[in-house]
Structures are given as structure tokens and as C-alpha cells.
Amino acid sequence: MLNDEMIDAIEKNLVFVATASSDGTPNLVPIGFTRPIDDKRILIVDVFMKKTINNLEENPKISIIVQNVKEHPYQFKGTAKIFKSGKFFEEAVEWAQNVMSEVEPKSAILMTVEEIYLVKPGPDAGKRIK
């Protein structure tokens with residue numbers, strides 16, 4: 001589902017993560033620790049994501065977009081699972097602490113990408129591409 005350009009964009013850019021509570025209240029946060037682990041799943045490290053985690057516990061739907069939409073005009077939608085231990089959590093902790101030794105990840109979010117949309121201006125804006 002994710003092609004090489006998309007994987008590279010997610011790995012090298014700040015990513016904005018959108019969630020909503022069970023009553024529909026939205027939340028949007030910038031996240032620096034985000035990377036695909038294969039062509040369908042994205043690992044997101046939770047360092048300071050209280051509202052996001054609360055929302056995902058109530059409603060596992062998630063959407064992300066990279067900061068540089070001019071070059072990488074994609075929105076990724078899917079479902080998230082939260083890990084506070086185990087393989088994905090350990091991978092998230094190791095990765096984050098290798099980059100910034102002082103951070104203490106609280107959980108790992110594993111997003112399974114289910115849909116991809118174009119977000120560039122023009123006639124194809126909002127078009128589902130995968």
C-alpha cells in the first residue's frame with residue numbers, strides 16, 4: 001500500500017496525527033517519532049500524547065499527514081493499536097532513546113494503513129488513491 005516515496009516522506013518529515021474521541025471531539029498533534037515498519041504499518045512513538053492515547057482507547061481510527069504536503073500530498077487513514085509492552089513498545093523505546101536519550105516513551109502506536117488520499121490542490125484533491 002505504501003510506496004517508497006510515501007515511506008521516505010513519513011520517515012523524514014514531521015507528521016501530524018489526527019484522532020477523535022468517542023463523542024467526535026478532534027485532536028491534532030505534531031509527532032517527530034513516526035516511521036513505517038512495512039508497506040502497511042506505521043510505528044508512532046508516544047512521548048507526550050495524553051489526548052491522542054485517550055482518543056485511540058475510545059476510538060481506534062487515526063489519520064496522519066506529513067508536514068511537507070507540497071512535495072508529499074498524502075493523507076493516510078487507518079486503525080491504531082496501542083502497546084505499552086512487548087516487541088513494538090521495545091522497538092519504539094530503543095529508537096526514540098537512540099535519537100534523544102532523555103525521552104521516556106509511554107507507549108507505541110501501531111497504525112495499520114487502510115486508505116490513502118491525495119491532498120494537493122486541484123481536481124484530484126480528496127481523491128482516494130489506495
# chains A, B, ... in the order shown; residues from 1 in each chain; ligands from 1
$ residues_around --residues "A:Pro73" --least-positions-apart "2" --cutoff "6 Å" --atoms "only C-alpha atoms" --output "PyMOL selection string"
chain A and resi 69-70+118-120
$ select_by_dssp --residues "chain A" --states "helix (DSSP H, G or I)" --output "short mmCIF file (atom, residue, chain, number, x, y, z; two decimals) with C-alpha atoms, in the first residue's frame"
data_model
loop_
_atom_site.label_atom_id
_atom_site.label_comp_id
_atom_site.auth_asym_id
_atom_site.auth_seq_id
_atom_site.Cartn_x
_atom_site.Cartn_y
_atom_site.Cartn_z
CA ASP A 4 8.86 4.08 -1.44
CA GLU A 5 8.09 7.82 -1.78
CA MET A 6 5.44 7.63 0.94
CA ILE A 7 7.70 5.63 3.28
CA ASP A 8 10.53 8.12 2.77
CA ALA A 9 8.21 11.09 3.37
CA ILE A 10 6.89 9.66 6.64
CA GLU A 11 10.40 8.82 7.88
CA LYS A 12 11.94 12.21 7.05
CA LYS A 50 -2.32 12.12 26.55
CA LYS A 51 -5.35 13.19 24.50
CA THR A 52 -4.29 11.13 21.50
CA ILE A 53 -3.96 7.96 23.59
CA ASN A 54 -7.29 8.63 25.34
CA ASN A 55 -8.95 9.13 21.96
CA LEU A 56 -7.45 5.95 20.49
CA GLU A 57 -8.60 3.95 23.51
CA GLU A 58 -12.16 5.19 22.83
CA LYS A 87 8.09 -6.03 20.69
CA PHE A 88 6.62 -2.82 19.25
CA PHE A 89 6.95 -0.92 22.53
CA GLU A 90 10.57 -2.05 22.96
CA GLU A 91 11.36 -1.05 19.36
CA ALA A 92 9.79 2.38 19.94
CA VAL A 93 11.74 2.95 23.17
CA GLU A 94 15.06 1.90 21.63
CA TRP A 95 14.55 4.08 18.54
CA ALA A 96 13.44 7.17 20.48
CA GLN A 97 16.20 6.90 23.08
CA ASN A 98 18.85 6.43 20.39
CA VAL A 99 17.74 9.77 18.95
#
$ atom_distance --atom1 "atom CA of A:Asn68" --atom2 "atom CA of A:Leu14"
8.0 Å
$ closest_residue --among "A:Leu43, A:His72, A:Lys77, A:Lys61" --to "A:Ser107" --atoms "only C-alpha atoms"
A:Leu43
$ closest_residue --among "A:Ile129, A:Val29, A:Ile65, A:Met100" --to "A:Tyr117" --atoms "only C-alpha atoms"
A:Ile129
$ atom_distance --atom1 "atom CA of A:Ala80" --atom2 "atom CA of A:Val45"
12.1 Å
$ closest_residue --among "A:Asp124, A:Tyr74, A:Phe33, A:Val113" --to "A:Met49" --atoms "only C-alpha atoms"
A:Phe33
$ closest_residue --among "A:Phe83, A:Lys106, A:Leu28, A:Asn13" --to "A:Gln67" --atoms "only C-alpha atoms"
A:Asn13
$ residues_around --residues "A:Ile64" --least-positions-apart "2" --cutoff "7 Å" --atoms "only C-alpha atoms" --output "tab-separated table (two decimals) with N, CA, C and O atoms, in the first residue's frame"
chain	number	residue	atom	x	y	z
A	15	VAL	N	5.22	14.67	11.26
A	15	VAL	CA	3.92	14.11	10.88
A	15	VAL	C	2.86	14.65	11.83
A	15	VAL	O	3.10	14.80	13.02
A	16	PHE	N	1.71	14.97	11.30
A	16	PHE	CA	0.58	15.40	12.11
A	16	PHE	C	-0.39	14.24	12.25
A	16	PHE	O	-0.78	13.63	11.26
A	17	VAL	N	-0.76	13.94	13.49
A	17	VAL	CA	-1.63	12.80	13.81
A	17	VAL	C	-2.98	13.33	14.27
A	17	VAL	O	-3.05	14.12	15.21
A	18	ALA	N	-4.03	12.87	13.61
A	18	ALA	CA	-5.40	13.28	13.96
A	18	ALA	C	-6.16	12.09	14.53
A	18	ALA	O	-6.09	10.98	13.99
A	62	ILE	N	-7.49	6.60	13.09
A	62	ILE	CA	-6.39	7.54	13.11
A	62	ILE	C	-6.11	8.00	11.68
A	62	ILE	O	-6.34	7.27	10.72
A	66	VAL	N	1.92	14.21	6.38
A	66	VAL	CA	3.27	14.74	6.60
A	66	VAL	C	3.25	16.25	6.46
A	66	VAL	O	2.41	16.81	5.75
A	75	GLN	N	-2.65	11.81	2.55
A	75	GLN	CA	-3.27	11.60	3.87
A	75	GLN	C	-3.46	10.09	4.02
A	75	GLN	O	-3.97	9.43	3.11
A	76	PHE	N	-3.05	9.58	5.17
A	76	PHE	CA	-3.13	8.14	5.45
A	76	PHE	C	-4.15	7.93	6.56
A	76	PHE	O	-4.08	8.57	7.60
A	77	LYS	N	-5.11	7.04	6.32
A	77	LYS	CA	-6.14	6.75	7.31
A	77	LYS	C	-6.09	5.27	7.66
A	77	LYS	O	-5.81	4.42	6.81
$ residues_around --residues "A:Leu2" --least-positions-apart "5" --cutoff "9 Å" --atoms "only C-alpha atoms" --output "JSON, numbers by chain"
{"A": [7, 36, 38, 39, 40, 41, 113, 116, 130]}
$ select_by_dssp --residues "chain A" --states "strand (DSSP E or B)" --output "ChimeraX atom specification"
/A:15-20,26-31,34-36,41-46,61-66,74-83,107-118,128
$ closest_residue --among "A:Thr34, A:Asn27, A:Ser101, A:Ser85" --to "A:Asn59" --atoms "only C-alpha atoms"
A:Asn27
$ atom_distance --atom1 "atom CA of A:Gly122" --atom2 "atom CA of A:Thr79"
27.9 Å
$ closest_residue --among "A:Ser22, A:Pro30, A:Ala108, A:Pro123" --to "A:Gly86" --atoms "only C-alpha atoms"
A:Ala108
